[in-house]
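The next block is query.pdb, given as PDB, C-alpha atoms.
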```pdb
ATOM      1  CA  GLN A   1       0.000   0.000   0.000
ATOM      2  CA  LEU A   2       1.411   3.343  -1.057
ATOM      3  CA  GLN A   3       0.998   6.094   1.464
ATOM      4  CA  LEU A   4       2.507   9.159   3.062
ATOM      5  CA  VAL A   5       2.343   9.071   6.834
ATOM      6  CA  GLN A   6       2.559  12.387   8.608
ATOM      7  CA  SER A   7       3.563  13.101  12.181
ATOM      8  CA  GLY A   8       4.777  15.929  14.360
ATOM      9  CA  GLY A   9       1.807  18.248  14.591
ATOM     10  CA  GLY A  10       0.392  19.568  17.824
ATOM     11  CA  LEU A  11      -0.022  22.631  19.986
ATOM     12  CA  VAL A  12       2.868  25.074  20.188
ATOM     13  CA  GLN A  13       3.288  28.508  21.679
ATOM     14  CA  SER A  14       3.879  31.353  19.262
ATOM     15  CA  GLY A  15       7.553  31.768  18.497
ATOM     16  CA  ARG A  16       8.420  28.177  19.371
ATOM     17  CA  PRO A  17       9.561  25.616  16.797
ATOM     18  CA  LEU A  18       7.831  22.520  15.541
ATOM     19  CA  ARG A  19       8.928  19.854  13.077
ATOM     20  CA  LEU A  20       6.571  18.008  10.780
ATOM     21  CA  SER A  21       7.527  14.698   9.203
ATOM     22  CA  CYS A  22       6.210  12.985   6.112
ATOM     23  CA  ALA A  23       7.326   9.367   5.731
ATOM     24  CA  ALA A  24       6.685   7.383   2.579
ATOM     25  CA  SER A  25       5.524   3.805   2.855
ATOM     26  CA  GLY A  26       5.358   1.371  -0.028
ATOM     27  CA  PHE A  27       7.393   3.554  -2.379
ATOM     28  CA  THR A  28      10.582   5.556  -2.435
ATOM     29  CA  ILE A  29      10.717   9.338  -2.357
ATOM     30  CA  GLU A  30      14.022   9.326  -4.259
ATOM     31  CA  ASP A  31      12.213  10.083  -7.525
ATOM     32  CA  ARG A  32       9.493  12.275  -5.996
ATOM     33  CA  ALA A  33       9.180  16.002  -5.648
ATOM     34  CA  ILE A  34       7.476  16.864  -2.377
ATOM     35  CA  GLY A  35       5.200  19.711  -1.439
ATOM     36  CA  TRP A  36       3.747  20.962   1.811
ATOM     37  CA  PHE A  37       0.320  22.501   2.007
ATOM     38  CA  ARG A  38      -1.843  23.838   4.777
ATOM     39  CA  GLN A  39      -5.479  24.645   5.297
ATOM     40  CA  ALA A  40      -6.375  27.246   7.863
ATOM     41  CA  PRO A  41      -9.837  27.251   9.437
ATOM     42  CA  GLY A  42     -12.373  28.594   6.981
ATOM     43  CA  LYS A  43      -9.808  28.955   4.198
ATOM     44  CA  GLU A  44      -8.780  27.028   1.135
ATOM     45  CA  ARG A  45      -5.758  24.774   1.075
ATOM     46  CA  GLU A  46      -2.618  26.661   0.100
ATOM     47  CA  GLY A  47       0.793  25.476  -0.975
ATOM     48  CA  ILE A  48       3.563  26.760   1.257
ATOM     49  CA  SER A  49       6.762  24.952   0.340
ATOM     50  CA  CYS A  50       8.233  22.342  -1.961
ATOM     51  CA  ILE A  51      11.491  20.538  -2.614
ATOM     52  CA  SER A  52      12.740  19.018  -5.848
ATOM     53  CA  ILE A  53      13.954  15.453  -6.257
ATOM     54  CA  ASN A  54      17.601  16.392  -5.870
ATOM     55  CA  GLY A  55      16.944  19.011  -3.204
ATOM     56  CA  ALA A  56      18.456  21.772  -5.334
ATOM     57  CA  ARG A  57      15.207  23.693  -5.537
ATOM     58  CA  ARG A  58      13.462  24.615  -2.327
ATOM     59  CA  HIS A  59      10.614  27.028  -2.664
ATOM     60  CA  TYR A  60       8.727  28.918   0.014
ATOM     61  CA  VAL A  61       5.791  31.229  -0.253
ATOM     62  CA  ASP A  62       6.250  34.686   1.242
ATOM     63  CA  SER A  63       4.208  33.981   4.353
ATOM     64  CA  VAL A  64       6.648  31.304   5.562
ATOM     65  CA  LYS A  65       9.906  32.373   3.899
ATOM     66  CA  GLY A  66      12.659  32.809   6.441
ATOM     67  CA  ARG A  67      10.667  30.968   9.121
ATOM     68  CA  PHE A  68      10.160  27.448   7.697
ATOM     69  CA  THR A  69      12.721  25.021   6.295
ATOM     70  CA  ILE A  70      11.978  22.071   4.053
ATOM     71  CA  SER A  71      14.396  19.149   3.836
ATOM     72  CA  ARG A  72      14.520  15.571   2.722
ATOM     73  CA  ASP A  73      16.324  12.461   3.927
ATOM     74  CA  ASN A  74      16.106   9.871   1.184
ATOM     75  CA  ALA A  75      17.831   7.265   3.348
ATOM     76  CA  LYS A  76      14.929   7.533   5.812
ATOM     77  CA  ASN A  77      12.389   7.967   3.014
ATOM     78  CA  THR A  78      11.161  11.058   4.836
ATOM     79  CA  VAL A  79      10.640  14.729   4.169
ATOM     80  CA  TYR A  80      10.525  17.333   6.896
ATOM     81  CA  LEU A  81       9.061  20.777   7.356
ATOM     82  CA  GLN A  82      10.744  22.625  10.176
ATOM     83  CA  LEU A  83       8.653  25.468  11.524
ATOM     84  CA  ASN A  84      11.450  27.419  13.115
ATOM     85  CA  THR A  85       9.414  30.392  14.261
ATOM     86  CA  THR A  86       5.691  29.922  14.559
ATOM     87  CA  GLU A  87       2.900  32.462  14.497
ATOM     88  CA  PRO A  88      -0.813  32.102  15.313
ATOM     89  CA  GLU A  89      -1.499  32.526  11.588
ATOM     90  CA  ASP A  90       0.304  29.221  10.993
ATOM     91  CA  THR A  91      -2.557  27.344  12.625
ATOM     92  CA  GLY A  92      -4.160  24.798  10.336
ATOM     93  CA  VAL A  93      -4.013  21.289   8.965
ATOM     94  CA  TYR A  94      -0.762  20.568   7.202
ATOM     95  CA  TYR A  95      -0.462  18.121   4.326
ATOM     96  CA  CYS A  96       2.484  16.702   2.452
ATOM     97  CA  ALA A  97       2.200  15.516  -1.117
ATOM     98  CA  ALA A  98       4.422  13.683  -3.577
ATOM     99  CA  VAL A  99       4.718  13.356  -7.321
ATOM    100  CA  ALA A 100       7.097  11.532  -9.645
ATOM    101  CA  ALA A 101       8.510  14.614 -11.361
ATOM    102  CA  ASP A 102      10.123  14.556 -14.813
ATOM    103  CA  SER A 103      12.924  16.848 -13.725
ATOM    104  CA  LEU A 104      15.333  16.537 -10.823
ATOM    105  CA  PHE A 105      15.142  20.309 -10.348
ATOM    106  CA  THR A 106      11.404  20.940 -10.364
ATOM    107  CA  CYS A 107       8.831  21.416  -7.651
ATOM    108  CA  ALA A 108       5.665  23.448  -7.286
ATOM    109  CA  VAL A 109       3.190  24.576  -4.662
ATOM    110  CA  ARG A 110       0.267  23.810  -6.939
ATOM    111  CA  ALA A 111      -1.948  21.089  -5.437
ATOM    112  CA  SER A 112      -3.106  19.735  -8.782
ATOM    113  CA  TRP A 113       0.470  18.781  -9.663
ATOM    114  CA  TYR A 114       0.705  16.209  -6.894
ATOM    115  CA  ARG A 115      -0.567  12.658  -6.929
ATOM    116  CA  ASP A 116      -0.132  11.190  -3.477
ATOM    117  CA  TRP A 117      -1.154  12.929  -0.269
ATOM    118  CA  GLY A 118      -0.579  12.473   3.424
ATOM    119  CA  GLN A 119      -3.423  12.259   5.879
ATOM    120  CA  GLY A 120      -2.828  15.715   7.309
ATOM    121  CA  THR A 121      -1.678  16.804  10.729
ATOM    122  CA  GLN A 122      -3.086  19.581  12.890
ATOM    123  CA  VAL A 123      -0.850  22.455  13.944
ATOM    124  CA  THR A 124      -2.184  24.925  16.470
ATOM    125  CA  VAL A 125      -0.130  27.955  17.423
ATOM    126  CA  SER A 126      -1.259  29.775  20.549
ATOM    127  CA  SER A 127      -0.573  33.456  21.086
TER     128      SER A 127
END
```

Using structure tokens, write down the structure that the file contains.
Amino acid sequence: QLQLVQSGGGLVQSGRPLRLSCAASGFTIEDRAIGWFRQAPGKEREGISCISINGARRHYVDSVKGRFTISRDNAKNTVYLQLNTTEPEDTGVYYCAAVAADSLFTCAVRASWYRDWGQGTQVTVSS
């Protein structure tokens, strides 16, 4: 069974860090670009970060740039999103997604580009 299993969400005080994990099961992420998305209460899902197959491209949207870090550990078949500095506006359900990209250097924060999705994990940032 192919799946992405997420962990690491929870309640955190504003300004404190939190690390989200996305572990692949049943397939390898070595040939997958990975994206992270989040859905805040009452809002649509938005793409916030992505990483290419070779890790050379790491993209962040403005709202998280400088505060979040995306990384991948192919040996552990896992991708991480480190929320280094959290804000109440970061509250929401976070999703990881994977796609077998044609290029080693490509990723996108467009949901329609991705094929496989994690189950989502709740992040709540208190002020």

Target residues per the PyMOL selection byres ((chain A and resi 8) around 10), formatted as a short mmCIF file (atom, residue, chain, number, x, y, z; two decimals) with C-alpha atoms, in the frame of the given file:
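And here is the file that came out, expr-v2.cif:
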```
data_model
loop_
_atom_site.label_atom_id
_atom_site.label_comp_id
_atom_site.auth_asym_id
_atom_site.auth_seq_id
_atom_site.Cartn_x
_atom_site.Cartn_y
_atom_site.Cartn_z
CA GLN A 6 2.56 12.39 8.61
CA SER A 7 3.56 13.10 12.18
CA GLY A 9 1.81 18.25 14.59
CA GLY A 10 0.39 19.57 17.82
CA LEU A 11 -0.02 22.63 19.99
CA LEU A 18 7.83 22.52 15.54
CA ARG A 19 8.93 19.85 13.08
CA LEU A 20 6.57 18.01 10.78
CA SER A 21 7.53 14.70 9.20
CA CYS A 22 6.21 12.98 6.11
CA TYR A 80 10.52 17.33 6.90
CA LEU A 81 9.06 20.78 7.36
CA GLN A 82 10.74 22.62 10.18
CA THR A 121 -1.68 16.80 10.73
CA GLN A 122 -3.09 19.58 12.89
CA VAL A 123 -0.85 22.46 13.94
#
```

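Applied to the file shown here, the PyMOL selection byres ((chain A and resi 120) around 6) selects Val93, Tyr94, Tyr95, Gly118, Gln119 and Thr121 of chain A.
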
Written file, previous selection with C-alpha atoms, as a compact mmCIF listing (two decimals), in the frame of the given file:
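Everything below was put into out_19.txt:
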```txt
# COMPACT_ATOMS: atom_id res chain seq x y z
CA VAL A 93 -4.01 21.29 8.96
CA TYR A 94 -0.76 20.57 7.20
CA TYR A 95 -0.46 18.12 4.33
CA GLY A 118 -0.58 12.47 3.42
CA GLN A 119 -3.42 12.26 5.88
CA THR A 121 -1.68 16.80 10.73
```

So the first atom is atom CA of Gly92 of chain A and the second is atom CA of Ala56 of chain A; what is the distance between them in Å, to one decimal place? 27.7 Å

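Each of A:Leu83, A:Ala75, A:Cys50, A:Val64 was checked against Ala108 of chain A using all atoms listed in the file; the smallest atom-to-atom distance is that of A:Cys50.
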
Mind listing as number ranges by chain all residues within 9 Å of (16.7, 8.7, -1.1), counting all atoms listed in the file? A: 28-31, 53, 72-78

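When all atoms listed in the file are used to compute distances to Val5 of chain A, the closest of the residues A:Cys107, A:Arg58, A:Pro17, A:Ala24 turns out to be A:Ala24.
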
Got a sec: who's within 8 Å of Glu87 of chain A, counting all atoms listed in the file, leaving out chain neighbours fewer than 3 positions off, as a list of chain:residue names? A:Ser14, A:Gly15, A:Asp90, A:Thr91, A:Val125, A:Ser126, A:Ser127

Box dimensions and centre (Å, one decimal) enclosing segment 10-13 of chain A, axis-aligned, 3 Å extra per side, as AutoDock Vina command-line options:
```
--center_x 1.6 --center_y 24.0 --center_z 19.8 --size_x 9.3 --size_y 14.9 --size_z 9.9
```

Can you list, as a short mmCIF file (atom, residue, chain, number, x, y, z; two decimals) with C-alpha atoms, in the frame of the given file, every protein, DNA or RNA residue that comes within 8 Å of Ala97 of chain A when you count all atoms listed in the file, leaving out same-chain residues fewer than 5 positions away?
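Ended up saving to around12.cif:
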```cif
data_model
loop_
_atom_site.label_atom_id
_atom_site.label_comp_id
_atom_site.auth_asym_id
_atom_site.auth_seq_id
_atom_site.Cartn_x
_atom_site.Cartn_y
_atom_site.Cartn_z
CA LEU A 4 2.51 9.16 3.06
CA ILE A 34 7.48 16.86 -2.38
CA GLY A 35 5.20 19.71 -1.44
CA TRP A 36 3.75 20.96 1.81
CA PHE A 37 0.32 22.50 2.01
CA TYR A 114 0.70 16.21 -6.89
CA ARG A 115 -0.57 12.66 -6.93
CA ASP A 116 -0.13 11.19 -3.48
CA TRP A 117 -1.15 12.93 -0.27
CA GLY A 118 -0.58 12.47 3.42
#
```

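Between atom CA of Trp113 of chain A and atom CA of Asn84 of chain A the separation is 26.7 Å.
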
Which residue is closest to Gln13 of chain A? Choose from A:Glu46, A:Ala98, A:Ser103, A:Glu89 and count all atoms listed in the file. A:Glu89

How would you write, as a ChimeraX atom specification, the residues chosen by the PyMOL selection byres ((chain A and resi 66) around 12) on this structure? /A:49,59-65,67-70,82-86
